[in-house]
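Containing mmCIF, C-alpha atoms and all ligand atoms: start_6.cif.
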data_upload
#
loop_
_atom_site.label_atom_id
_atom_site.label_comp_id
_atom_site.auth_asym_id
_atom_site.auth_seq_id
_atom_site.Cartn_x
_atom_site.Cartn_y
_atom_site.Cartn_z
CA MET A 1 38.78 14.43 -40.11
CA CYS A 2 39.67 12.13 -37.24
CA ALA A 3 38.04 12.93 -33.90
CA ALA A 4 40.29 11.27 -31.34
CA ILE A 5 40.27 11.24 -27.54
CA LEU A 6 42.96 9.61 -25.42
CA LEU A 7 42.01 8.78 -21.83
CA THR A 8 45.30 8.22 -20.02
CA ASN A 9 46.30 6.49 -16.77
CA GLY A 10 42.83 5.53 -15.54
CA ARG A 11 41.97 2.24 -13.85
CA VAL A 12 40.21 0.60 -16.78
CA ILE A 13 37.56 -1.93 -15.75
CA ASP A 14 35.87 -3.88 -18.53
CA PRO A 15 34.18 -6.92 -16.96
CA LEU A 16 33.28 -8.50 -20.30
CA THR A 17 36.95 -8.88 -21.26
CA GLY A 18 38.15 -9.34 -17.68
CA LEU A 19 40.31 -6.23 -17.85
CA ASP A 20 41.10 -4.41 -14.61
CA GLY A 21 44.28 -2.34 -14.70
CA VAL A 22 45.82 1.02 -15.40
CA ARG A 23 45.65 1.59 -19.15
CA ASP A 24 45.17 4.25 -21.79
CA VAL A 25 42.00 4.16 -23.85
CA LEU A 26 42.05 5.58 -27.36
CA VAL A 27 38.77 6.64 -28.94
CA VAL A 28 38.70 7.38 -32.65
CA ASP A 29 35.60 8.36 -34.64
CA GLY A 30 33.19 7.30 -31.92
CA ARG A 31 34.66 3.84 -31.38
CA VAL A 32 37.12 2.32 -28.95
CA ALA A 33 40.25 2.07 -31.11
CA ALA A 34 42.80 0.67 -28.68
CA ILE A 35 43.49 -0.03 -25.02
CA GLY A 36 47.02 -0.39 -23.76
CA HIS A 37 50.05 1.08 -22.08
CA GLY A 38 51.30 4.28 -23.66
CA ALA A 39 48.89 4.08 -26.57
CA PRO A 40 50.04 6.17 -29.54
CA LYS A 41 48.58 9.65 -29.59
CA PRO A 42 47.19 10.55 -32.98
CA ASP A 43 47.76 14.12 -34.17
CA GLY A 44 45.12 16.41 -32.78
CA ALA A 45 43.88 13.94 -30.18
CA GLN A 46 42.35 15.40 -27.08
CA VAL A 47 44.20 13.98 -24.06
CA LEU A 48 42.36 13.58 -20.76
CA ASP A 49 44.33 12.53 -17.69
CA CYS A 50 42.25 9.99 -15.75
CA ALA A 51 44.80 9.14 -13.04
CA GLY A 52 42.96 8.19 -9.85
CA PHE A 53 39.72 7.61 -11.75
CA VAL A 54 37.95 4.51 -12.99
CA VAL A 55 37.34 4.24 -16.74
CA ALA A 56 34.47 1.82 -17.46
CA PRO A 57 31.88 1.08 -20.11
CA GLY A 58 28.97 3.50 -19.92
CA PHE A 59 26.30 2.13 -17.61
CA VAL A 60 23.28 0.26 -18.97
CA ASP A 61 19.92 0.70 -17.21
CA LEU A 62 17.15 -1.82 -17.79
CA HIS A 63 14.47 0.16 -15.98
CA CYS A 64 13.59 3.84 -16.00
CA HIS A 65 10.57 6.08 -16.40
CA LEU A 66 10.98 9.11 -18.64
CA ARG A 67 7.34 10.38 -18.58
CA GLU A 68 7.20 11.64 -22.18
CA PRO A 69 4.71 11.63 -23.81
CA GLY A 70 2.13 12.99 -21.45
CA GLN A 71 3.78 14.05 -18.19
CA GLU A 72 6.42 16.47 -19.34
CA HIS A 73 5.96 18.48 -16.12
CA LYS A 74 7.73 15.58 -14.36
CA GLU A 75 10.38 14.75 -16.94
CA THR A 76 11.04 15.01 -20.65
CA LEU A 77 13.14 12.73 -22.77
CA ALA A 78 15.69 15.56 -22.90
CA SER A 79 15.89 16.12 -19.14
CA GLY A 80 15.74 12.42 -18.32
CA LEU A 81 18.49 11.49 -20.73
CA ALA A 82 20.63 14.44 -19.55
CA ALA A 83 20.23 13.10 -16.00
CA ALA A 84 21.14 9.63 -17.23
CA ALA A 85 24.36 10.95 -18.77
CA ALA A 86 25.15 12.77 -15.50
CA GLY A 87 24.75 9.44 -13.75
CA GLY A 88 27.17 7.71 -16.14
CA PHE A 89 24.47 5.89 -18.13
CA THR A 90 24.85 5.66 -21.90
CA THR A 91 22.10 3.13 -22.65
CA VAL A 92 18.77 3.22 -20.83
CA CYS A 93 15.57 1.26 -21.32
CA CYS A 94 12.38 3.18 -20.63
CA MET A 95 9.22 1.63 -19.27
CA PRO A 96 6.01 1.98 -21.28
CA ASN A 97 3.75 3.41 -18.55
CA THR A 98 3.59 6.90 -19.99
CA THR A 99 0.21 8.66 -20.12
CA LEU A 100 -0.31 7.01 -23.47
CA PRO A 101 1.17 3.57 -22.75
CA LEU A 102 3.77 2.49 -25.30
CA ASP A 103 1.64 -0.25 -26.81
CA THR A 104 1.70 0.63 -30.52
CA PRO A 105 4.59 0.50 -33.00
CA THR A 106 3.98 4.16 -33.84
CA LEU A 107 4.53 5.25 -30.24
CA VAL A 108 7.60 3.04 -29.84
CA ALA A 109 9.12 4.49 -33.00
CA TRP A 110 8.21 8.04 -31.96
CA VAL A 111 9.90 7.75 -28.57
CA ARG A 112 13.04 6.27 -30.12
CA GLU A 113 13.26 8.98 -32.77
CA GLN A 114 12.51 11.75 -30.30
CA ALA A 115 15.18 10.48 -27.91
CA ALA A 116 17.76 10.26 -30.69
CA SER A 117 17.02 13.88 -31.63
CA VAL A 118 17.59 15.24 -28.10
CA SER A 119 20.39 13.11 -26.63
CA LEU A 120 23.50 11.09 -27.34
CA VAL A 121 22.43 8.59 -24.69
CA ARG A 122 20.92 5.55 -26.37
CA LEU A 123 17.30 4.95 -25.47
CA ASP A 124 15.79 1.51 -25.88
CA VAL A 125 12.08 1.01 -25.42
CA ILE A 126 10.39 -1.62 -23.28
CA ALA A 127 6.92 -1.88 -24.81
CA ALA A 128 3.70 -2.85 -23.07
CA ILE A 129 2.75 -6.49 -22.59
CA SER A 130 -0.98 -5.81 -22.65
CA ALA A 131 -3.03 -3.32 -24.65
CA GLY A 132 -3.20 -0.10 -22.65
CA GLN A 133 -1.35 -1.95 -19.88
CA ALA A 134 -4.85 -2.94 -18.82
CA GLY A 135 -3.91 -6.58 -18.37
CA GLU A 136 -6.82 -7.90 -20.42
CA ARG A 137 -5.40 -8.77 -23.84
CA LEU A 138 -1.94 -8.82 -25.36
CA ALA A 139 -0.51 -5.78 -27.10
CA PRO A 140 0.75 -6.50 -30.66
CA LEU A 141 4.11 -7.82 -29.46
CA ARG A 142 5.39 -8.81 -32.92
CA ASP A 143 4.74 -5.33 -34.32
CA LEU A 144 6.25 -3.72 -31.24
CA ALA A 145 9.38 -5.82 -31.67
CA ALA A 146 9.55 -4.80 -35.34
CA ALA A 147 9.41 -1.16 -34.21
CA GLY A 148 12.46 -1.76 -32.03
CA ALA A 149 11.15 -2.78 -28.61
CA VAL A 150 13.85 -4.70 -26.71
CA ALA A 151 11.56 -6.22 -24.04
CA PHE A 152 7.99 -6.10 -22.80
CA SER A 153 6.56 -4.99 -19.47
CA ASP A 154 3.39 -3.72 -17.83
CA ASP A 155 5.59 -2.16 -15.14
CA GLY A 156 3.72 -0.21 -12.52
CA ARG A 157 1.30 -3.07 -12.30
CA PRO A 158 1.46 -6.85 -12.46
CA VAL A 159 0.07 -8.98 -15.28
CA TRP A 160 -2.60 -10.28 -12.93
CA ASP A 161 -4.55 -12.49 -15.37
CA ASP A 162 -2.98 -15.95 -15.57
CA SER A 163 -4.08 -16.58 -19.16
CA VAL A 164 -2.71 -13.22 -20.37
CA MET A 165 0.59 -14.05 -18.67
CA ARG A 166 0.69 -17.46 -20.32
CA ALA A 167 -0.03 -15.91 -23.74
CA ALA A 168 2.71 -13.30 -23.11
CA LEU A 169 5.23 -16.05 -22.33
CA ARG A 170 4.42 -17.80 -25.61
CA ALA A 171 4.51 -14.64 -27.73
CA ALA A 172 7.70 -13.27 -26.16
CA GLY A 173 9.31 -16.68 -26.46
CA GLU A 174 8.60 -16.78 -30.21
CA LEU A 175 10.17 -13.34 -30.58
CA GLY A 176 13.15 -14.20 -28.38
CA LEU A 177 12.59 -11.12 -26.22
CA PRO A 178 12.37 -10.94 -22.42
CA LEU A 179 9.41 -10.05 -20.24
CA SER A 180 10.29 -7.62 -17.44
CA LEU A 181 7.79 -8.24 -14.66
CA HIS A 182 6.53 -5.98 -11.90
CA GLU A 183 5.57 -8.60 -9.32
CA GLU A 184 2.79 -7.63 -6.97
CA ASP A 185 -0.21 -9.69 -5.95
CA ARG A 186 -3.01 -7.15 -5.90
CA ALA A 187 -5.07 -8.90 -3.22
CA LEU A 188 -2.12 -9.11 -0.85
CA ALA A 189 -0.91 -5.59 -1.69
CA ALA A 190 -4.41 -4.24 -0.98
CA GLY A 191 -3.72 -0.53 -0.90
CA GLY A 192 -0.42 -0.75 0.98
CA VAL A 193 1.86 2.27 0.77
CA MET A 194 5.07 1.19 2.53
CA ASN A 195 6.78 -1.97 3.75
CA ALA A 196 4.58 -4.00 6.09
CA GLY A 197 6.21 -4.15 9.51
CA PRO A 198 6.85 -2.27 12.75
CA VAL A 199 7.67 1.04 11.06
CA ALA A 200 4.38 1.04 9.11
CA GLU A 201 2.49 0.10 12.25
CA ARG A 202 4.11 2.92 14.22
CA LEU A 203 3.22 5.41 11.49
CA GLY A 204 -0.29 4.03 11.11
CA LEU A 205 0.30 3.29 7.42
CA ARG A 206 -0.97 0.29 5.51
CA GLY A 207 1.77 -2.18 4.66
CA LEU A 208 2.84 -3.91 1.46
CA PRO A 209 3.82 -7.41 2.61
CA ASN A 210 6.77 -9.34 1.19
CA ALA A 211 4.29 -12.06 0.31
CA ALA A 212 2.65 -9.82 -2.33
CA GLU A 213 5.89 -9.75 -4.33
CA GLU A 214 6.82 -13.35 -3.67
CA ARG A 215 3.47 -14.92 -4.55
CA MET A 216 3.50 -13.28 -7.99
CA ILE A 217 7.09 -14.32 -8.69
CA ALA A 218 6.21 -17.88 -7.69
CA ARG A 219 3.24 -17.84 -10.08
CA ASP A 220 5.33 -16.59 -12.98
CA ILE A 221 8.09 -19.13 -12.38
CA ALA A 222 5.44 -21.86 -12.26
CA LEU A 223 3.89 -20.66 -15.53
CA LEU A 224 7.31 -20.42 -17.15
CA ALA A 225 8.14 -23.99 -16.11
CA ASP A 226 4.73 -25.08 -17.38
CA GLU A 227 5.49 -23.51 -20.74
CA GLY A 228 8.79 -25.32 -20.97
CA GLY A 229 10.89 -22.25 -20.22
CA ARG A 230 10.23 -20.77 -23.61
CA ALA A 231 10.68 -17.07 -22.74
CA ARG A 232 13.10 -15.14 -20.56
CA VAL A 233 11.39 -13.95 -17.41
CA HIS A 234 13.18 -10.96 -15.93
CA ILE A 235 12.04 -10.00 -12.44
CA ALA A 236 12.09 -6.22 -12.06
CA HIS A 237 13.22 -4.50 -8.86
CA VAL A 238 13.57 -7.55 -6.57
CA SER A 239 13.23 -6.37 -2.97
CA THR A 240 12.64 -9.26 -0.55
CA ALA A 241 14.69 -12.15 0.77
CA GLY A 242 12.01 -14.58 -0.39
CA ALA A 243 12.05 -13.10 -3.90
CA VAL A 244 15.82 -13.52 -4.15
CA GLU A 245 15.48 -17.14 -3.04
CA LEU A 246 12.74 -17.84 -5.61
CA VAL A 247 14.93 -16.51 -8.41
CA ARG A 248 17.95 -18.42 -7.13
CA ALA A 249 15.98 -21.68 -7.01
CA ALA A 250 14.51 -21.13 -10.49
CA LYS A 251 17.98 -20.53 -11.94
CA ARG A 252 19.18 -23.70 -10.26
CA ARG A 253 16.41 -25.57 -12.09
CA GLY A 254 17.78 -24.18 -15.34
CA LEU A 255 14.84 -21.88 -16.06
CA PRO A 256 15.55 -18.69 -18.04
CA VAL A 257 14.88 -16.39 -15.10
CA SER A 258 16.89 -13.27 -14.30
CA ALA A 259 16.55 -10.38 -11.89
CA GLU A 260 17.54 -6.79 -11.29
CA ALA A 261 17.85 -4.82 -8.05
CA THR A 262 17.75 -1.06 -7.57
CA PRO A 263 20.31 1.06 -5.73
CA HIS A 264 17.68 1.89 -3.09
CA HIS A 265 16.76 -1.72 -2.41
CA LEU A 266 20.48 -2.47 -2.04
CA THR A 267 21.19 0.35 0.40
CA LEU A 268 18.12 1.84 2.16
CA THR A 269 15.69 0.47 4.75
CA ASP A 270 12.09 1.26 5.63
CA ASP A 271 12.92 3.10 8.87
CA LEU A 272 13.93 6.05 6.66
CA ALA A 273 10.19 6.60 6.09
CA ALA A 274 9.77 7.64 9.74
CA ARG A 275 11.92 10.75 9.30
CA PRO A 276 9.78 13.92 9.48
CA TRP A 277 9.74 15.91 6.26
CA ASP A 278 7.77 18.83 4.84
CA GLY A 279 5.75 19.30 8.03
CA ARG A 280 4.65 15.67 8.24
CA PRO A 281 5.70 12.85 10.58
CA TYR A 282 7.12 10.82 7.68
CA ASP A 283 9.13 11.29 4.51
CA THR A 284 7.07 10.69 1.38
CA ARG A 285 10.26 10.82 -0.70
CA THR A 286 10.85 7.26 0.57
CA LYS A 287 7.58 6.07 -1.00
CA VAL A 288 8.43 3.67 -3.79
CA ASN A 289 7.04 0.42 -5.14
CA PRO A 290 8.23 -2.13 -4.20
CA PRO A 291 8.83 -0.34 -0.91
CA LEU A 292 12.08 0.07 1.00
CA ARG A 293 12.25 -3.12 3.05
CA ALA A 294 13.73 -4.28 6.36
CA ARG A 295 17.47 -4.78 6.91
CA ALA A 296 17.25 -8.58 6.50
CA ASP A 297 15.77 -8.11 3.02
CA VAL A 298 18.45 -5.59 2.02
CA GLU A 299 21.11 -8.07 3.16
CA ALA A 300 19.47 -10.83 1.09
CA VAL A 301 19.37 -8.59 -2.00
CA ILE A 302 23.08 -7.79 -1.54
CA ALA A 303 23.80 -11.52 -1.19
CA GLY A 304 21.86 -12.11 -4.42
CA LEU A 305 23.97 -9.48 -6.18
CA LEU A 306 27.15 -11.12 -4.91
CA ASP A 307 26.31 -14.69 -5.92
CA GLY A 308 24.98 -13.77 -9.38
CA THR A 309 21.30 -14.40 -8.65
CA ILE A 310 20.82 -10.70 -9.42
CA GLU A 311 22.62 -9.96 -12.67
CA ALA A 312 21.79 -6.28 -13.07
CA ILE A 313 21.55 -3.09 -11.07
CA ALA A 314 18.65 -1.09 -12.54
CA THR A 315 17.59 2.33 -11.34
CA ASP A 316 13.79 2.38 -11.60
CA HIS A 317 14.39 6.14 -12.03
CA ALA A 318 10.90 7.55 -11.38
CA PRO A 319 10.76 11.35 -11.46
CA HIS A 320 7.80 13.20 -9.95
CA SER A 321 6.88 16.83 -9.39
CA ALA A 322 7.16 18.43 -5.94
CA ALA A 323 3.37 18.48 -5.62
CA ASP A 324 3.25 14.70 -6.19
CA LYS A 325 5.29 14.20 -3.01
CA GLN A 326 4.07 17.05 -0.77
CA ARG A 327 1.02 15.11 0.30
CA ALA A 328 -0.11 12.59 2.89
CA TYR A 329 1.83 9.33 2.57
CA GLU A 330 -1.25 7.52 1.29
CA GLN A 331 -1.69 9.99 -1.57
CA ALA A 332 1.93 10.70 -2.48
CA ALA A 333 3.24 9.23 -5.74
CA PHE A 334 5.39 6.10 -5.73
CA GLY A 335 8.92 6.63 -7.06
CA ILE A 336 12.41 8.05 -6.57
CA SER A 337 14.52 10.14 -8.96
CA LEU A 338 17.54 7.89 -9.24
CA PHE A 339 19.90 8.53 -12.13
CA GLU A 340 22.09 11.10 -10.43
CA THR A 341 22.67 9.19 -7.19
CA ALA A 342 22.77 5.61 -8.50
CA LEU A 343 26.53 5.21 -8.78
CA ALA A 344 27.38 6.83 -5.44
CA SER A 345 24.65 4.81 -3.71
CA VAL A 346 25.92 1.46 -4.89
CA LEU A 347 29.52 2.53 -4.23
CA THR A 348 28.65 2.50 -0.52
CA LEU A 349 28.73 -1.31 -0.89
CA TYR A 350 32.27 -1.01 -2.24
CA HIS A 351 33.41 1.45 0.40
CA ASP A 352 31.97 -0.81 3.11
CA GLY A 353 34.04 -3.69 1.72
CA ARG A 354 30.96 -5.68 0.69
CA VAL A 355 31.33 -5.76 -3.11
CA ALA A 356 34.44 -5.49 -5.28
CA LEU A 357 34.51 -2.66 -7.80
CA PRO A 358 34.71 -4.91 -10.92
CA ALA A 359 31.61 -6.84 -9.74
CA LEU A 360 29.67 -3.62 -9.25
CA VAL A 361 30.73 -2.37 -12.68
CA GLU A 362 29.70 -5.70 -14.19
CA ARG A 363 26.17 -5.40 -12.78
CA LEU A 364 25.94 -1.91 -14.28
CA THR A 365 27.30 -2.80 -17.72
CA ALA A 366 27.86 -6.28 -19.18
CA GLY A 367 25.26 -7.88 -16.88
CA PRO A 368 22.25 -5.84 -17.98
CA ALA A 369 23.41 -5.68 -21.62
CA ARG A 370 23.51 -9.48 -21.73
CA LEU A 371 20.03 -9.90 -20.24
CA PHE A 372 18.30 -7.74 -22.85
CA GLY A 373 20.68 -8.61 -25.71
CA LEU A 374 21.92 -5.02 -26.03
CA ASP A 375 25.02 -4.15 -28.02
CA ALA A 376 26.55 -2.19 -25.13
CA GLY A 377 28.47 -2.55 -21.90
CA THR A 378 32.04 -3.22 -23.04
CA LEU A 379 35.19 -1.34 -24.05
CA LYS A 380 36.52 -3.98 -26.40
CA PRO A 381 38.16 -2.42 -29.46
CA GLY A 382 35.57 -1.67 -32.13
CA ALA A 383 32.77 -1.11 -29.62
CA ARG A 384 30.82 2.15 -29.65
CA ALA A 385 32.75 4.49 -27.36
CA ASP A 386 30.20 4.64 -24.56
CA ILE A 387 32.46 5.35 -21.60
CA VAL A 388 32.10 6.62 -18.06
CA VAL A 389 34.98 8.09 -16.08
CA PHE A 390 34.31 8.29 -12.36
CA ASP A 391 36.13 9.16 -9.16
CA PRO A 392 35.15 6.39 -6.72
CA ASP A 393 36.31 8.39 -3.69
CA ALA A 394 35.12 11.96 -4.27
CA GLU A 395 32.76 13.07 -1.52
CA TRP A 396 29.78 15.24 -2.31
CA THR A 397 26.48 16.33 -0.85
CA VAL A 398 23.34 15.46 -2.79
CA ASP A 399 21.52 18.62 -3.83
CA ALA A 400 18.32 17.48 -5.49
CA ALA A 401 17.55 21.03 -6.63
CA ALA A 402 20.63 20.83 -8.84
CA PHE A 403 19.57 17.58 -10.55
CA LEU A 404 19.36 17.69 -14.31
CA SER A 405 16.31 15.44 -13.98
CA GLY A 406 12.97 17.17 -13.72
CA GLY A 407 12.35 14.93 -10.71
CA LYS A 408 13.92 16.26 -7.50
CA ASN A 409 12.25 13.52 -5.45
CA THR A 410 14.92 11.67 -3.51
CA PRO A 411 15.20 10.72 0.15
CA LEU A 412 18.97 11.21 -0.32
CA ASP A 413 18.67 15.00 -0.64
CA GLY A 414 21.36 16.43 1.65
CA ALA A 415 23.11 13.09 2.14
CA ARG A 416 26.91 12.79 1.93
CA LEU A 417 27.93 10.23 -0.68
CA ARG A 418 31.20 9.07 -2.16
CA GLY A 419 31.71 8.57 -5.87
CA ARG A 420 31.23 11.05 -8.65
CA VAL A 421 30.84 10.79 -12.40
CA MET A 422 33.52 13.00 -13.98
CA LEU A 423 32.85 12.39 -17.67
CA THR A 424 30.41 10.46 -19.82
CA LEU A 425 31.14 9.80 -23.48
CA ALA A 426 28.33 8.50 -25.68
CA GLY A 427 29.50 7.36 -29.09
CA GLY A 428 32.80 9.09 -28.38
CA VAL A 429 31.12 12.45 -27.79
CA GLU A 430 30.93 14.23 -24.44
CA ALA A 431 27.42 13.72 -23.05
CA TYR A 432 28.27 14.95 -19.55
CA LYS A 433 31.25 16.54 -17.84
CA TRP A 434 31.44 17.39 -14.17
CA THR A 435 32.40 20.97 -13.35
CA ALA A 436 32.95 22.37 -9.88
CA SER A 437 30.08 24.71 -9.07
ZN ZN B 1 7.71 -1.56 -11.10
#
Can you turn what I pasted into structure tokens?
Ligand SMILES: [Zn+2]
Amino acid sequence: MCAAILLTNGRVIDPLTGLDGVRDVLVVDGRVAAIGHGAPKPDGAQVLDCAGFVVAPGFVDLHCHLREPGQEHKETLASGLAAAAAGGFTTVCCMPNTTLPLDTPTLVAWVREQAASVSLVRLDVIAAISAGQAGERLAPLRDLAAAGAVAFSDDGRPVWDDSVMRAALRAAGELGLPLSLHEEDRALAAGGVMNAGPVAERLGLRGLPNAAEERMIARDIALLADEGGRARVHIAHVSTAGAVELVRAAKRRGLPVSAEATPHHLTLTDDLAARPWDGRPYDTRTKVNPPLRARADVEAVIAGLLDGTIEAIATDHAPHSAADKQRAYEQAAFGISLFETALASVLTLYHDGRVALPALVERLTAGPARLFGLDAGTLKPGARADIVVFDPDAEWTVDAAAFLSGGKNTPLDGARLRGRVMLTLAGGVEAYKWTAS
């Protein structure tokens, strides 16, 4: 029995092979079988007309929070992965800061098995760097790798102890796996809740200075150089101009440093926080860490994306319950529900003429796959048929209440965006299909 799907007449963009043109894509038995003009149609093949749409490899996300086990009231693996599919993602890497941090091989294996039982979207696990993510001693990195971890991170907090960081670099280097680092100097961050600057001052809120992020990145680059560049250091959610410059300079020195940026740090600024919401003089849905920054920082992050300093767009999808956000800014949870707006958000850069479509697709597919060594992010014949079909021009209004994610927390609720995922295939099987409501 041959399950075949023929996607016809779409603009096929596969950055890994350099393909950008109108083609047909034939999927047979869960794999890309052929790409060409007028590909032969096997008997019984389902034909989908993709004229006017982009056909690309399914997106790869190096950074999301799926909350299970422990906080299923915010998100479950099932709801999170359904939201990922709706956003065009077919491979996502979850962070280990669940209630029970993912710091044992048993937990890593459990999450992977659970995810495979509820979704076609491939879930890869980023395991903890330190036991309990407490920053005091290393987690069993070798055992975590054996259980399938693709990278290590204490995301949510920095690895503040220099000697733990040095030990992590050595251990990860021996395993050949990257460290994904949440960079925040705790002394400089000192209880800040939004970007330090005029908006925070006007709102009377404590600021998170750019220096908190930059000092920690500088330390980790210095340690990496000290250790002879033996591990890949991946800087999570870069948000400041200084951070981009640090990564750029480290790459120029030949150090194995890489970076990701989120859709919000590429498109939104801190003045959005001053919009009244839910009976308060500010919008807690903008509260995220690192915070939304000033325009000059956003411009620097875009420049980093354009010149290859930033090789991946990662969502930092961070679902929360309504109660987590309906609080004073100081007490509200950090994080934005991202999967279902990610594509349309970054497409604003394309519609504004800032970034070409193939470059954006590259940072969502081949770029991140390369950084974490994932077998994903291409349509070359023989590859697993992880495919997204999207309409880059379709206009829609964000309705957070309709999100498949358990997290409805987005400052984009009600915003008009352009770009809609029409179809997501994971392993050649429909994981999401848009239907007019
Ligand atoms: Zn983080």
- Please identify every polymer residue within 12 Å of ligand ZN 1 (chain B), using all atoms listed in the file, and present the set as a ChimeraX atom specification. /A:62-65,94-97,153-159,180-184,213,234-239,260-262,288-291,314-318,334-336
- Message: List as a PyMOL selection string the protein and nucleic acid residues near His264 in chain A, meaning an atom at most 9 Å away when only C-alpha atoms are counted, but skip any in the same chain fewer than 6 places from it.
- Response: chain A and resi 292+315+336+338+342+345-346
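Going from CA of Arg186 in chain A over to CA of Gly207 in chain A, you cover 12.6 Å.
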- Message: What's around Thr286 in chain A at 7 Å? Count all atoms listed in the file, leave out sequence neighbours fewer than 6 positions away in its own chain, and write the answer as JSON, numbers by chain.
- Response: {"A": [272, 273, 411]}
Quick one: write out the picked residues with C-alpha atoms as a short mmCIF file (atom, residue, chain, number, x, y, z; two decimals), in the frame of the given file?
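Output (selection_12.cif):
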data_model
loop_
_atom_site.label_atom_id
_atom_site.label_comp_id
_atom_site.auth_asym_id
_atom_site.auth_seq_id
_atom_site.Cartn_x
_atom_site.Cartn_y
_atom_site.Cartn_z
CA LEU A 272 13.93 6.05 6.66
CA ALA A 273 10.19 6.60 6.09
CA PRO A 411 15.20 10.72 0.15
#
The centre and edge lengths of an axis-aligned box containing all atoms of range 428-437 of chain A present in the file, extended by 4 Å on each side, are to be given in Å to one decimal, as AutoDock Vina command-line options.
--center_x 30.2 --center_y 16.9 --center_z -18.7 --size_x 13.5 --size_y 23.6 --size_z 27.3
All heavy atoms are needed for range 105-110 of chain A; please write them out as an mmCIF file, keeping the file's coordinate frame.
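Below is the file that was written, selection24.cif:
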data_model
loop_
_atom_site.group_PDB
_atom_site.id
_atom_site.type_symbol
_atom_site.label_atom_id
_atom_site.label_comp_id
_atom_site.auth_asym_id
_atom_site.auth_seq_id
_atom_site.Cartn_x
_atom_site.Cartn_y
_atom_site.Cartn_z
ATOM 1 N N PRO A 105 3.296 0.287 -32.332
ATOM 2 C CA PRO A 105 4.590 0.500 -33.000
ATOM 3 C C PRO A 105 4.852 1.973 -33.278
ATOM 4 O O PRO A 105 6.000 2.425 -33.202
ATOM 5 C CB PRO A 105 4.445 -0.276 -34.312
ATOM 6 C CG PRO A 105 3.227 -1.100 -34.204
ATOM 7 C CD PRO A 105 2.414 -0.638 -33.046
ATOM 8 N N THR A 106 3.805 2.729 -33.544
ATOM 9 C CA THR A 106 3.980 4.160 -33.840
ATOM 10 C C THR A 106 4.565 4.885 -32.634
ATOM 11 O O THR A 106 5.492 5.693 -32.767
ATOM 12 C CB THR A 106 2.611 4.786 -34.195
ATOM 13 O OG1 THR A 106 2.007 3.979 -35.198
ATOM 14 C CG2 THR A 106 2.764 6.211 -34.688
ATOM 15 N N LEU A 107 4.033 4.595 -31.457
ATOM 16 C CA LEU A 107 4.530 5.250 -30.240
ATOM 17 C C LEU A 107 5.966 4.820 -29.923
ATOM 18 O O LEU A 107 6.806 5.645 -29.534
ATOM 19 C CB LEU A 107 3.619 4.940 -29.056
ATOM 20 C CG LEU A 107 2.414 5.865 -28.882
ATOM 21 C CD1 LEU A 107 1.451 5.283 -27.847
ATOM 22 C CD2 LEU A 107 2.873 7.259 -28.455
ATOM 23 N N VAL A 108 6.237 3.526 -30.092
ATOM 24 C CA VAL A 108 7.600 3.040 -29.840
ATOM 25 C C VAL A 108 8.581 3.750 -30.767
ATOM 26 O O VAL A 108 9.633 4.247 -30.341
ATOM 27 C CB VAL A 108 7.678 1.511 -30.015
ATOM 28 C CG1 VAL A 108 9.126 1.033 -30.010
ATOM 29 C CG2 VAL A 108 6.876 0.818 -28.908
ATOM 30 N N ALA A 109 8.231 3.833 -32.027
ATOM 31 C CA ALA A 109 9.120 4.490 -33.000
ATOM 32 C C ALA A 109 9.259 5.968 -32.680
ATOM 33 O O ALA A 109 10.354 6.538 -32.760
ATOM 34 C CB ALA A 109 8.554 4.291 -34.412
ATOM 35 N N TRP A 110 8.159 6.606 -32.271
ATOM 36 C CA TRP A 110 8.210 8.040 -31.960
ATOM 37 C C TRP A 110 9.162 8.313 -30.799
ATOM 38 O O TRP A 110 9.983 9.234 -30.863
ATOM 39 C CB TRP A 110 6.805 8.568 -31.623
ATOM 40 C CG TRP A 110 6.808 10.043 -31.350
ATOM 41 C CD1 TRP A 110 6.709 11.054 -32.264
ATOM 42 C CD2 TRP A 110 6.987 10.673 -30.060
ATOM 43 N NE1 TRP A 110 6.800 12.270 -31.631
ATOM 44 C CE2 TRP A 110 6.973 12.072 -30.277
ATOM 45 C CE3 TRP A 110 7.140 10.192 -28.759
ATOM 46 C CZ2 TRP A 110 7.109 12.997 -29.243
ATOM 47 C CZ3 TRP A 110 7.291 11.110 -27.728
ATOM 48 C CH2 TRP A 110 7.262 12.496 -27.967
#
